[in-house]
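Structure data follow from query_18.txt (compact mmCIF, C-alpha atoms and all ligand atoms):
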```txt
# COMPACT_ATOMS: atom_id res chain seq x y z
CA MET A 1 111.62 -33.28 122.03
CA GLY A 2 110.33 -31.76 118.80
CA ARG A 3 112.64 -29.29 117.11
CA THR A 4 111.88 -25.73 116.04
CA VAL A 5 112.58 -25.14 112.36
CA TYR A 6 113.04 -21.87 110.48
CA ILE A 7 111.13 -21.71 107.21
CA ASP A 8 110.63 -18.61 105.06
CA GLY A 9 110.71 -16.06 107.87
CA ARG A 10 108.90 -18.13 110.54
CA PHE A 11 110.01 -20.41 113.39
CA VAL A 12 107.62 -23.37 113.57
CA PRO A 13 107.45 -26.84 115.21
CA GLU A 14 109.08 -29.39 112.89
CA GLU A 15 105.70 -30.98 112.06
CA GLU A 16 104.59 -27.66 110.58
CA ALA A 17 107.77 -27.07 108.57
CA LYS A 18 106.42 -28.05 105.16
CA VAL A 19 107.65 -27.37 101.63
CA SER A 20 105.43 -27.52 98.52
CA VAL A 21 105.62 -30.63 96.29
CA PHE A 22 105.95 -28.08 93.46
CA ASP A 23 109.21 -26.76 94.96
CA HIS A 24 111.95 -27.37 92.41
CA GLY A 25 114.26 -28.43 95.23
CA TYR A 26 111.94 -31.43 95.63
CA LEU A 27 111.15 -31.95 91.94
CA TYR A 28 114.68 -31.51 90.53
CA GLY A 29 117.21 -31.13 93.35
CA ASP A 30 117.37 -27.49 92.26
CA GLY A 31 118.88 -25.67 95.22
CA VAL A 32 121.91 -25.39 97.49
CA PHE A 33 122.74 -26.22 101.09
CA GLU A 34 125.27 -26.04 103.91
CA GLY A 35 126.14 -28.37 106.79
CA ILE A 36 127.50 -26.36 109.74
CA ARG A 37 128.45 -27.28 113.32
CA ALA A 38 128.30 -25.58 116.66
CA TYR A 39 130.67 -26.55 119.47
CA ASN A 40 130.63 -25.37 123.04
CA GLY A 41 128.21 -22.46 122.42
CA ARG A 42 129.92 -21.22 119.24
CA VAL A 43 129.21 -21.76 115.55
CA PHE A 44 132.39 -22.91 113.84
CA LYS A 45 133.40 -20.94 110.69
CA LEU A 46 129.90 -19.49 110.28
CA THR A 47 130.93 -16.70 107.89
CA GLU A 48 132.85 -19.15 105.69
CA HIS A 49 129.78 -21.43 105.43
CA ILE A 50 127.47 -18.51 104.63
CA ASN A 51 129.90 -17.26 101.96
CA ARG A 52 130.04 -20.73 100.38
CA LEU A 53 126.22 -20.94 100.41
CA TYR A 54 125.92 -17.62 98.56
CA ASP A 55 128.67 -18.64 96.11
CA SER A 56 126.85 -21.93 95.38
CA ALA A 57 123.61 -19.97 94.87
CA LYS A 58 125.32 -17.47 92.56
CA ALA A 59 126.73 -20.30 90.43
CA ILE A 60 123.22 -21.68 89.82
CA MET A 61 121.68 -18.18 89.44
CA LEU A 62 119.54 -18.56 92.53
CA THR A 63 118.72 -15.36 94.38
CA ILE A 64 118.69 -15.82 98.15
CA PRO A 65 115.98 -13.45 99.43
CA MET A 66 117.93 -12.18 102.45
CA SER A 67 121.30 -10.61 103.27
CA LYS A 68 124.27 -12.66 104.50
CA GLU A 69 124.02 -10.86 107.86
CA ASP A 70 120.35 -11.86 108.24
CA MET A 71 121.23 -15.44 107.23
CA GLU A 72 123.89 -15.60 109.97
CA GLU A 73 121.41 -14.26 112.50
CA THR A 74 118.81 -16.79 111.32
CA VAL A 75 121.25 -19.65 111.99
CA LEU A 76 122.05 -18.30 115.47
CA GLU A 77 118.38 -17.72 116.33
CA THR A 78 117.37 -21.22 115.18
CA ILE A 79 120.00 -22.73 117.48
CA ARG A 80 118.85 -20.50 120.37
CA ARG A 81 115.21 -21.51 119.89
CA ASN A 82 116.31 -25.14 120.21
CA GLY A 83 118.39 -24.40 123.32
CA LEU A 84 121.51 -26.14 122.01
CA THR A 85 125.22 -25.43 122.53
CA ASP A 86 126.50 -28.30 120.35
CA ALA A 87 124.59 -28.87 117.13
CA TYR A 88 124.54 -29.83 113.49
CA ILE A 89 122.93 -27.11 111.38
CA ARG A 90 121.46 -27.62 107.93
CA LEU A 91 120.73 -24.54 105.81
CA VAL A 92 118.76 -25.27 102.65
CA VAL A 93 117.85 -22.79 99.93
CA SER A 94 115.75 -24.30 97.16
CA ARG A 95 114.50 -22.71 93.93
CA GLY A 96 110.98 -22.44 95.34
CA ARG A 97 107.50 -23.27 94.10
CA GLY A 98 107.18 -23.47 90.33
CA ASP A 99 105.32 -25.59 87.79
CA LEU A 100 106.17 -29.12 86.64
CA GLY A 101 108.61 -27.92 83.97
CA LEU A 102 112.35 -27.44 84.52
CA ASP A 103 112.36 -23.70 83.92
CA PRO A 104 113.53 -21.93 87.09
CA ARG A 105 111.95 -18.66 85.86
CA LYS A 106 108.58 -20.13 86.89
CA CYS A 107 109.69 -20.16 90.53
CA GLN A 108 108.75 -16.88 92.18
CA SER A 109 111.07 -16.94 95.18
CA ALA A 110 113.52 -19.27 96.87
CA THR A 111 112.51 -21.33 99.91
CA VAL A 112 114.87 -20.87 102.88
CA VAL A 113 115.00 -23.50 105.64
CA CYS A 114 117.25 -23.84 108.69
CA ILE A 115 117.17 -27.08 110.69
CA VAL A 116 119.25 -27.81 113.77
CA ASP A 117 119.77 -31.23 115.27
CA LYS A 118 122.20 -33.23 117.37
CA ILE A 119 125.08 -34.60 115.35
CA VAL A 120 125.54 -38.35 114.87
CA LEU A 121 129.24 -39.19 114.67
CA PHE A 122 131.30 -42.16 113.59
CA PRO A 123 131.94 -44.33 116.68
CA LYS A 124 134.91 -43.14 118.82
CA GLU A 125 136.88 -46.33 118.15
CA LEU A 126 137.08 -45.43 114.45
CA TYR A 127 138.83 -42.17 115.39
CA ASP A 128 141.23 -44.07 117.68
CA ARG A 129 141.99 -46.93 115.28
CA GLY A 130 141.38 -45.27 111.89
CA ILE A 131 139.03 -46.33 109.10
CA LYS A 132 139.49 -48.74 106.21
CA VAL A 133 138.20 -47.53 102.85
CA MET A 134 138.08 -48.54 99.21
CA THR A 135 137.92 -46.68 95.92
CA VAL A 136 134.56 -46.88 94.17
CA ALA A 137 133.61 -47.33 90.51
CA THR A 138 131.31 -44.28 90.57
CA ARG A 139 133.39 -41.32 89.37
CA ARG A 140 132.90 -37.85 90.84
CA ASN A 141 130.85 -35.45 88.70
CA ASN A 142 132.83 -33.89 85.88
CA VAL A 143 133.59 -30.23 86.65
CA ASP A 144 132.10 -29.24 83.28
CA SER A 145 128.84 -31.09 83.97
CA LEU A 146 128.04 -30.17 87.56
CA SER A 147 130.92 -28.60 89.42
CA PRO A 148 131.58 -30.27 92.79
CA ARG A 149 132.37 -26.74 94.04
CA ILE A 150 128.61 -26.13 94.08
CA LYS A 151 127.11 -27.62 97.24
CA SER A 152 123.87 -28.40 95.44
CA LEU A 153 120.82 -30.37 96.53
CA ASN A 154 121.72 -32.82 93.77
CA TYR A 155 123.83 -35.32 95.74
CA LEU A 156 123.01 -38.47 93.76
CA ASN A 157 126.62 -38.75 92.58
CA ASN A 158 127.80 -39.06 96.18
CA ILE A 159 124.83 -41.21 97.20
CA LEU A 160 125.67 -43.73 94.46
CA ALA A 161 129.21 -43.90 95.88
CA LYS A 162 127.75 -44.25 99.40
CA ILE A 163 125.61 -47.17 98.20
CA GLU A 164 128.78 -48.88 96.93
CA ALA A 165 130.37 -48.26 100.33
CA ASN A 166 127.34 -49.71 102.13
CA LEU A 167 127.30 -52.82 99.93
CA ALA A 168 130.97 -53.44 100.59
CA GLY A 169 130.74 -52.62 104.32
CA TYR A 170 133.02 -49.54 104.40
CA PRO A 171 132.23 -46.34 106.38
CA GLU A 172 133.70 -44.03 103.68
CA VAL A 173 135.21 -44.40 100.23
CA ILE A 174 137.61 -42.63 97.89
CA MET A 175 136.13 -41.17 94.73
CA LEU A 176 138.21 -40.58 91.59
CA ASN A 177 137.51 -38.11 88.80
CA SER A 178 136.99 -39.22 85.20
CA GLU A 179 140.77 -39.15 84.64
CA GLY A 180 141.46 -41.45 87.57
CA TYR A 181 142.86 -38.83 89.96
CA VAL A 182 141.88 -39.01 93.62
CA VAL A 183 139.35 -36.30 94.48
CA GLU A 184 137.47 -36.80 97.76
CA GLY A 185 135.16 -38.98 99.85
CA THR A 186 131.36 -38.93 99.63
CA GLY A 187 131.13 -36.17 102.22
CA ASP A 188 134.75 -35.45 103.15
CA ASN A 189 137.99 -34.19 101.65
CA ILE A 190 141.15 -36.33 101.61
CA PHE A 191 144.75 -35.65 102.67
CA ILE A 192 147.91 -37.76 102.44
CA VAL A 193 151.21 -37.32 104.28
CA LYS A 194 154.36 -38.25 102.40
CA GLY A 195 157.71 -37.46 103.98
CA ASN A 196 157.47 -33.85 105.15
CA LYS A 197 154.64 -33.02 102.73
CA LEU A 198 150.92 -32.78 103.45
CA ILE A 199 149.06 -33.12 100.16
CA THR A 200 145.39 -32.63 99.23
CA PRO A 201 143.86 -32.51 95.74
CA PRO A 202 143.46 -29.03 94.20
CA THR A 203 140.00 -27.58 93.55
CA TYR A 204 140.20 -27.91 89.76
CA VAL A 205 140.27 -31.73 89.84
CA GLY A 206 136.65 -31.64 91.06
CA ILE A 207 136.16 -31.31 94.81
CA LEU A 208 134.04 -29.37 97.24
CA GLU A 209 136.33 -26.74 98.77
CA GLY A 210 135.82 -28.04 102.29
CA ILE A 211 135.84 -25.60 105.16
CA THR A 212 137.46 -28.21 107.40
CA ARG A 213 140.04 -28.77 104.62
CA ALA A 214 140.89 -25.06 104.61
CA ALA A 215 141.16 -24.98 108.42
CA VAL A 216 143.45 -28.03 108.41
CA MET A 217 145.68 -26.56 105.68
CA GLN A 218 145.99 -23.33 107.69
CA MET A 219 146.80 -25.15 110.96
CA ALA A 220 149.33 -27.38 109.21
CA LYS A 221 151.10 -24.38 107.62
CA GLU A 222 151.26 -22.68 111.02
CA ALA A 223 152.79 -25.86 112.45
CA GLY A 224 155.52 -25.66 109.80
CA HIS A 225 154.37 -28.42 107.44
CA ASP A 226 154.93 -28.23 103.69
CA VAL A 227 151.27 -28.08 102.60
CA ARG A 228 150.52 -28.69 98.93
CA GLU A 229 147.48 -28.85 96.67
CA GLU A 230 148.60 -31.40 94.08
CA VAL A 231 146.95 -34.04 91.93
CA PHE A 232 147.66 -37.62 92.98
CA THR A 233 146.59 -41.15 92.14
CA ARG A 234 145.61 -44.26 94.10
CA HIS A 235 149.25 -45.33 93.94
CA ASP A 236 150.24 -42.24 95.94
CA VAL A 237 147.63 -43.09 98.57
CA TYR A 238 148.75 -46.73 98.83
CA THR A 239 152.36 -45.62 99.35
CA ALA A 240 151.64 -42.63 101.64
CA ASP A 241 152.91 -42.51 105.22
CA GLU A 242 149.52 -41.31 106.50
CA CYS A 243 146.05 -40.58 105.17
CA PHE A 244 143.01 -38.88 106.67
CA PHE A 245 139.64 -37.40 105.74
CA THR A 246 138.20 -34.03 106.77
CA GLY A 247 134.61 -32.76 106.93
CA THR A 248 132.16 -30.87 109.10
CA ALA A 249 130.49 -34.10 110.21
CA ALA A 250 133.59 -36.37 110.38
CA GLU A 251 136.06 -33.65 111.55
CA LEU A 252 139.47 -35.35 111.05
CA ILE A 253 139.38 -39.13 110.80
CA PRO A 254 142.48 -41.25 110.19
CA CYS A 255 142.50 -43.77 107.33
CA ILE A 256 144.68 -46.85 107.80
CA GLU A 257 143.81 -49.05 104.83
CA VAL A 258 142.87 -48.38 101.19
CA ASP A 259 141.82 -51.18 98.80
CA GLY A 260 143.40 -53.76 101.11
CA ARG A 261 146.76 -51.90 101.24
CA THR A 262 147.90 -50.89 104.71
CA ILE A 263 148.77 -47.18 104.88
CA GLY A 264 152.05 -46.49 106.70
CA SER A 265 152.22 -48.38 109.98
CA GLY A 266 148.51 -49.27 109.90
CA THR A 267 147.78 -46.98 112.84
CA PRO A 268 146.93 -43.24 112.92
CA GLY A 269 150.22 -41.41 112.27
CA PRO A 270 151.85 -38.57 114.24
CA VAL A 271 150.92 -35.77 111.79
CA THR A 272 147.28 -36.92 111.71
CA LYS A 273 147.11 -37.17 115.51
CA ALA A 274 148.67 -33.73 116.03
CA LEU A 275 146.24 -32.15 113.55
CA MET A 276 143.28 -33.92 115.21
CA ASN A 277 144.29 -32.38 118.55
CA ALA A 278 144.84 -28.93 117.03
CA PHE A 279 141.46 -29.12 115.28
CA LYS A 280 139.72 -30.08 118.52
CA ARG A 281 141.19 -27.01 120.21
CA LEU A 282 140.18 -24.77 117.28
CA THR A 283 136.55 -25.97 117.38
CA GLN A 284 136.31 -25.55 121.16
CA GLU A 285 137.88 -22.11 121.28
CA THR A 286 136.81 -20.25 118.13
CA GLY A 287 133.55 -19.42 116.35
CA THR A 288 130.57 -17.07 116.52
CA PRO A 289 129.00 -17.04 120.00
CA ILE A 290 125.39 -18.25 119.90
CA TYR A 291 124.14 -16.66 123.11
CA ARG A 292 126.23 -13.45 122.92
CA LYS A 293 123.22 -11.14 123.14
CA THR A 294 121.73 -12.93 126.13
CA GLN A 295 125.11 -12.97 127.88
CA GLU A 296 125.58 -9.23 127.23
CA ALA A 297 122.05 -8.50 128.47
CA ALA A 298 122.68 -10.52 131.63
CA ALA A 299 125.86 -8.56 132.31
CA ILE A 300 124.07 -5.19 132.29
N1 LIG B 401 133.25 -33.01 100.04
C1 LIG B 401 131.93 -33.18 99.90
C2 LIG B 401 131.41 -33.76 98.63
C3 LIG B 401 131.05 -32.85 100.95
O1 LIG B 401 129.74 -33.01 100.78
C4 LIG B 401 132.97 -32.14 102.25
C5 LIG B 401 133.77 -32.49 101.17
C6 LIG B 401 133.60 -31.51 103.45
O2 LIG B 401 133.36 -30.12 103.49
P1 LIG B 401 133.29 -29.30 104.86
O3 LIG B 401 133.04 -27.90 104.45
O4 LIG B 401 132.15 -29.90 105.66
O5 LIG B 401 134.57 -29.49 105.55
C7 LIG B 401 131.57 -32.33 102.16
C8 LIG B 401 130.70 -32.04 103.34
C9 LIG B 401 127.51 -35.80 106.10
C10 LIG B 401 127.42 -34.74 105.07
O6 LIG B 401 126.47 -36.12 106.70
C11 LIG B 401 128.53 -33.99 104.63
C12 LIG B 401 128.37 -33.02 103.64
C13 LIG B 401 127.14 -32.86 103.11
C14 LIG B 401 126.07 -33.60 103.54
C15 LIG B 401 126.18 -34.53 104.53
O7 LIG B 401 128.61 -36.32 106.33
N2 LIG B 401 129.32 -32.18 103.12
```

As a first step, turn the structure in this file into structure tokens.
Amino acid sequence: MGRTVYIDGRFVPEEEAKVSVFDHGYLYGDGVFEGIRAYNGRVFKLTEHINRLYDSAKAIMLTIPMSKEDMEETVLETIRRNGLTDAYIRLVVSRGRGDLGLDPRKCQSATVVCIVDKIVLFPKELYDRGIKVMTVATRRNNVDSLSPRIKSLNYLNNILAKIEANLAGYPEVIMLNSEGYVVEGTGDNIFIVKGNKLITPPTYVGILEGITRAAVMQMAKEAGHDVREEVFTRHDVYTADECFFTGTAAELIPCIEVDGRTIGSGTPGPVTKALMNAFKRLTQETGTPIYRKTQEAAAI
């Protein structure tokens, strides 16, 4: 079935959702985006995703031509028009139509697109058994060049790492920063468990401040874990008791081998498994209701 896409104030069949070849999102990767999920009729952490989108836009001096409230409503309405209760949502705001030069001042107004689709997950067995990963040669963007905190349309850094992963046959990889500290995966944040500590790299080393990462840190604190944002190296990962990745698409996925070194027992550990269960509950039970208005109308 063809999807309905939101583009610049209109809901159109996907074949009609077209962006100009002069859009600087297309010409230069000049724009920002969000990947959001809906579970069980609710959009998970919608406000947090919208806030991050507007923060990314602010950092690149891109004016989003609508309020945050209208953006939230646009996401909900796009899901409703596609009749979904579980979905992957892609919000894209690009610089808009300009000329062939770099100058963003030539672009009159930003292009806003919202696409919803079914999510394609890693196979279930990878969640049960855990994934094996390697570190890649491609270093994560330097924070002074293009901050990884900006979720920009310029993802070549991560795509180059993904190509290394594909060539070597790994589903995900670990990226290091230019100093050799562990930062994140290509589309996920990383955690290690060592003794009673749950450790994830701090923002300043060069990561996207993942919304799943924040949710996991919060849940872990509530469960009484000693949660820390600390820099660490590959050595700390090799010698960790447990390791896992977090992201909107991947959720929580255990990691059982890094660069040929078995992590802990070589099976998903107890802290990882408990957090996976807690996260599942959180996604099923919290979030912004998609069909709230319809349900309220039906009740009257
Ligand atoms: N780091 C990076 C570099 C990311 O792109 C995350 C961490 C996790 O953040 P959230 O907020 O989702 O917990 C991301 C997530 C994909 C995909 O298909 C993932 C992302 C972007 C595009 C595609 O896995 N971002």

Using only the atoms of stretch 256-268 of chain A listed in the file, plus 3 Å on each side, state the axis-aligned box centre and edge lengths in Å rounded to one decimal, as AutoDock Vina command-line options.
```
--center_x 147.0 --center_y -48.5 --center_z 105.9 --size_x 16.4 --size_y 16.5 --size_z 20.1
```

Quiz item: Which polymer residues have any atom within 10 Å of an atom of A:Gly169, counting only C-alpha atoms, with same-chain residues fewer than 5 positions away left out, as a VMD selection string?
Solution: chain A and resid 132 to 134 163 to 164

Quiz item: Quick one: distance from atom CA of A:Glu184 to atom CA of A:Glu230 in Å, one decimal?
Solution: 12.9 Å

Quiz item: Once you count only C-alpha atoms, which residues end up no further than 10 Å from (111.6, -14.8, 107.1) in the file's frame, shown as an NGL selection string?
Solution: :A and (6-11 or 65-66 or 70-71 or 74 or 111-113)

Determine, counting all atoms listed in the file, which protein, DNA and RNA residues have an atom within 12 Å of an atom of A:Asn51; residues of the same chain fewer than 4 positions away are not included. Present the result as a CSV table (one decimal) with C-alpha atoms, in the frame of the given file.
```csv
chain,number,residue,atom,x,y,z
A,33,PHE,CA,122.7,-26.2,101.1
A,34,GLU,CA,125.3,-26.0,103.9
A,45,LYS,CA,133.4,-20.9,110.7
A,46,LEU,CA,129.9,-19.5,110.3
A,47,THR,CA,130.9,-16.7,107.9
A,55,ASP,CA,128.7,-18.6,96.1
A,56,SER,CA,126.8,-21.9,95.4
A,57,ALA,CA,123.6,-20.0,94.9
A,58,LYS,CA,125.3,-17.5,92.6
A,64,ILE,CA,118.7,-15.8,98.2
A,67,SER,CA,121.3,-10.6,103.3
A,68,LYS,CA,124.3,-12.7,104.5
A,69,GLU,CA,124.0,-10.9,107.9
A,71,MET,CA,121.2,-15.4,107.2
A,72,GLU,CA,123.9,-15.6,110.0
A,150,ILE,CA,128.6,-26.1,94.1
A,151,LYS,CA,127.1,-27.6,97.2
A,209,GLU,CA,136.3,-26.7,98.8
A,211,ILE,CA,135.8,-25.6,105.2
```

Practice problem: State, in Å with one decimal place, the distance from atom CA of A:Ser94 to atom CA of A:Pro289. | Solution: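 It comes out at 27.4 Å.
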
Exercise. Grab me every residue within 7 Å of ligand LIG 401 (chain B), counting only C-alpha atoms and all ligand atoms, and send it over as a PyMOL selection string.
Key: chain A and resi 35+148+151+158+184-189+207-213+246-250

Pull C-alpha atoms from the residues just selected and write them as a compact mmCIF listing (two decimals), keeping the file's coordinate frame.
```
# COMPACT_ATOMS: atom_id res chain seq x y z
CA GLY A 35 126.14 -28.37 106.79
CA PRO A 148 131.58 -30.27 92.79
CA LYS A 151 127.11 -27.62 97.24
CA ASN A 158 127.80 -39.06 96.18
CA GLU A 184 137.47 -36.80 97.76
CA GLY A 185 135.16 -38.98 99.85
CA THR A 186 131.36 -38.93 99.63
CA GLY A 187 131.13 -36.17 102.22
CA ASP A 188 134.75 -35.45 103.15
CA ASN A 189 137.99 -34.19 101.65
CA ILE A 207 136.16 -31.31 94.81
CA LEU A 208 134.04 -29.37 97.24
CA GLU A 209 136.33 -26.74 98.77
CA GLY A 210 135.82 -28.04 102.29
CA ILE A 211 135.84 -25.60 105.16
CA THR A 212 137.46 -28.21 107.40
CA ARG A 213 140.04 -28.77 104.62
CA THR A 246 138.20 -34.03 106.77
CA GLY A 247 134.61 -32.76 106.93
CA THR A 248 132.16 -30.87 109.10
CA ALA A 249 130.49 -34.10 110.21
CA ALA A 250 133.59 -36.37 110.38
```

Practice problem: Determine the nearest neighbour of A:Cys243 from the options A:Ile159, A:Ile263, A:Ile60, A:Ile174, counting only C-alpha atoms. | Solution: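 When distances to A:Cys243 are compared using only C-alpha atoms, the smallest one comes from A:Ile263.
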
Quiz prompt | Top pick for closest residue to A:Leu146, considering A:Ile256, A:Asn166, A:Met217, A:Asp30 and counting all atoms listed in the file | solution =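 Among A:Ile256, A:Asn166, A:Met217, A:Asp30, it is A:Asp30 that comes nearest to A:Leu146.
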
Exercise. Do a neighbour search on A:Phe232 at 8 Å with only C-alpha atoms, toss out local chain neighbours closer than 4 positions, and write the hits as number ranges by chain.
Key: A: 181-182, 201, 236-237

Practice problem: Within 10 Å of A:Phe22, counting only C-alpha atoms, which residues show up once you throw out same-chain ones fewer than 6 positions away? Write them as a list in words, please. | Solution: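 The residues satisfying every condition are Tyr28, Gly96, Arg97, Gly98, Asp99, Leu100, Gly101 and Cys107 of chain A.
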
Produce a file of the selected residues containing C-alpha atoms, as a PDB file, keeping the file's coordinate frame.
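Result file follows (result23.pdb):
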```pdb
ATOM      1  CA  TYR A  28     114.680 -31.510  90.530  1.00  0.00           C
ATOM      2  CA  GLY A  96     110.980 -22.440  95.340  1.00  0.00           C
ATOM      3  CA  ARG A  97     107.500 -23.270  94.100  1.00  0.00           C
ATOM      4  CA  GLY A  98     107.180 -23.470  90.330  1.00  0.00           C
ATOM      5  CA  ASP A  99     105.320 -25.590  87.790  1.00  0.00           C
ATOM      6  CA  LEU A 100     106.170 -29.120  86.640  1.00  0.00           C
ATOM      7  CA  GLY A 101     108.610 -27.920  83.970  1.00  0.00           C
ATOM      8  CA  CYS A 107     109.690 -20.160  90.530  1.00  0.00           C
TER       9      CYS A 107
END
```

Quiz item: From the set A:Arg52, A:Asp86, A:Arg95, A:Pro171, which residue has the shortest atom-to-atom contact distance to A:Gly130, counting all atoms listed in the file?
Solution: A:Pro171

Quiz item: Which one is closest to A:Leu160: A:Ala137, A:Leu176, A:Ile290, A:Ala214? Count only C-alpha atoms.
Solution: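 Going through A:Ala137, A:Leu176, A:Ile290, A:Ala214 one by one, the smallest distance to A:Leu160 is for A:Ala137.
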
Near A:Lys194, counting only C-alpha atoms, which residues have an atom at most 10 Å away, once you skip same-chain residues fewer than 3 positions from it, shown as a short mmCIF file (atom, residue, chain, number, x, y, z; two decimals) with C-alpha atoms, in the coordinates of the input?
```cif
data_model
loop_
_atom_site.label_atom_id
_atom_site.label_comp_id
_atom_site.auth_asym_id
_atom_site.auth_seq_id
_atom_site.Cartn_x
_atom_site.Cartn_y
_atom_site.Cartn_z
CA PHE A 191 144.75 -35.65 102.67
CA LYS A 197 154.64 -33.02 102.73
CA LEU A 198 150.92 -32.78 103.45
CA ILE A 199 149.06 -33.12 100.16
CA ASP A 236 150.24 -42.24 95.94
CA VAL A 237 147.63 -43.09 98.57
CA THR A 239 152.36 -45.62 99.35
CA ALA A 240 151.64 -42.63 101.64
CA ASP A 241 152.91 -42.51 105.22
CA GLU A 242 149.52 -41.31 106.50
CA CYS A 243 146.05 -40.58 105.17
CA GLY A 264 152.05 -46.49 106.70
#
```

Self-check item: Atom pair atom CA of A:Lys124 / atom CA of A:Leu252: separation (Å)
Solution: 11.9 Å

Practice problem: Name the closest residue to A:Ala215 among the candidates A:Leu121, A:Val32, A:Ile79, A:Met276; distances are taken between atoms, counting only C-alpha atoms. | Solution: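 Checking each of A:Leu121, A:Val32, A:Ile79, A:Met276 against A:Ala215, counting only C-alpha atoms, the winner is A:Met276.
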
Exercise. Would you please work out which residue, of A:Leu275, A:Met219, A:Val205, A:Ile131, is nearest to A:Glu257 when using only C-alpha atoms?
Key: A:Ile131
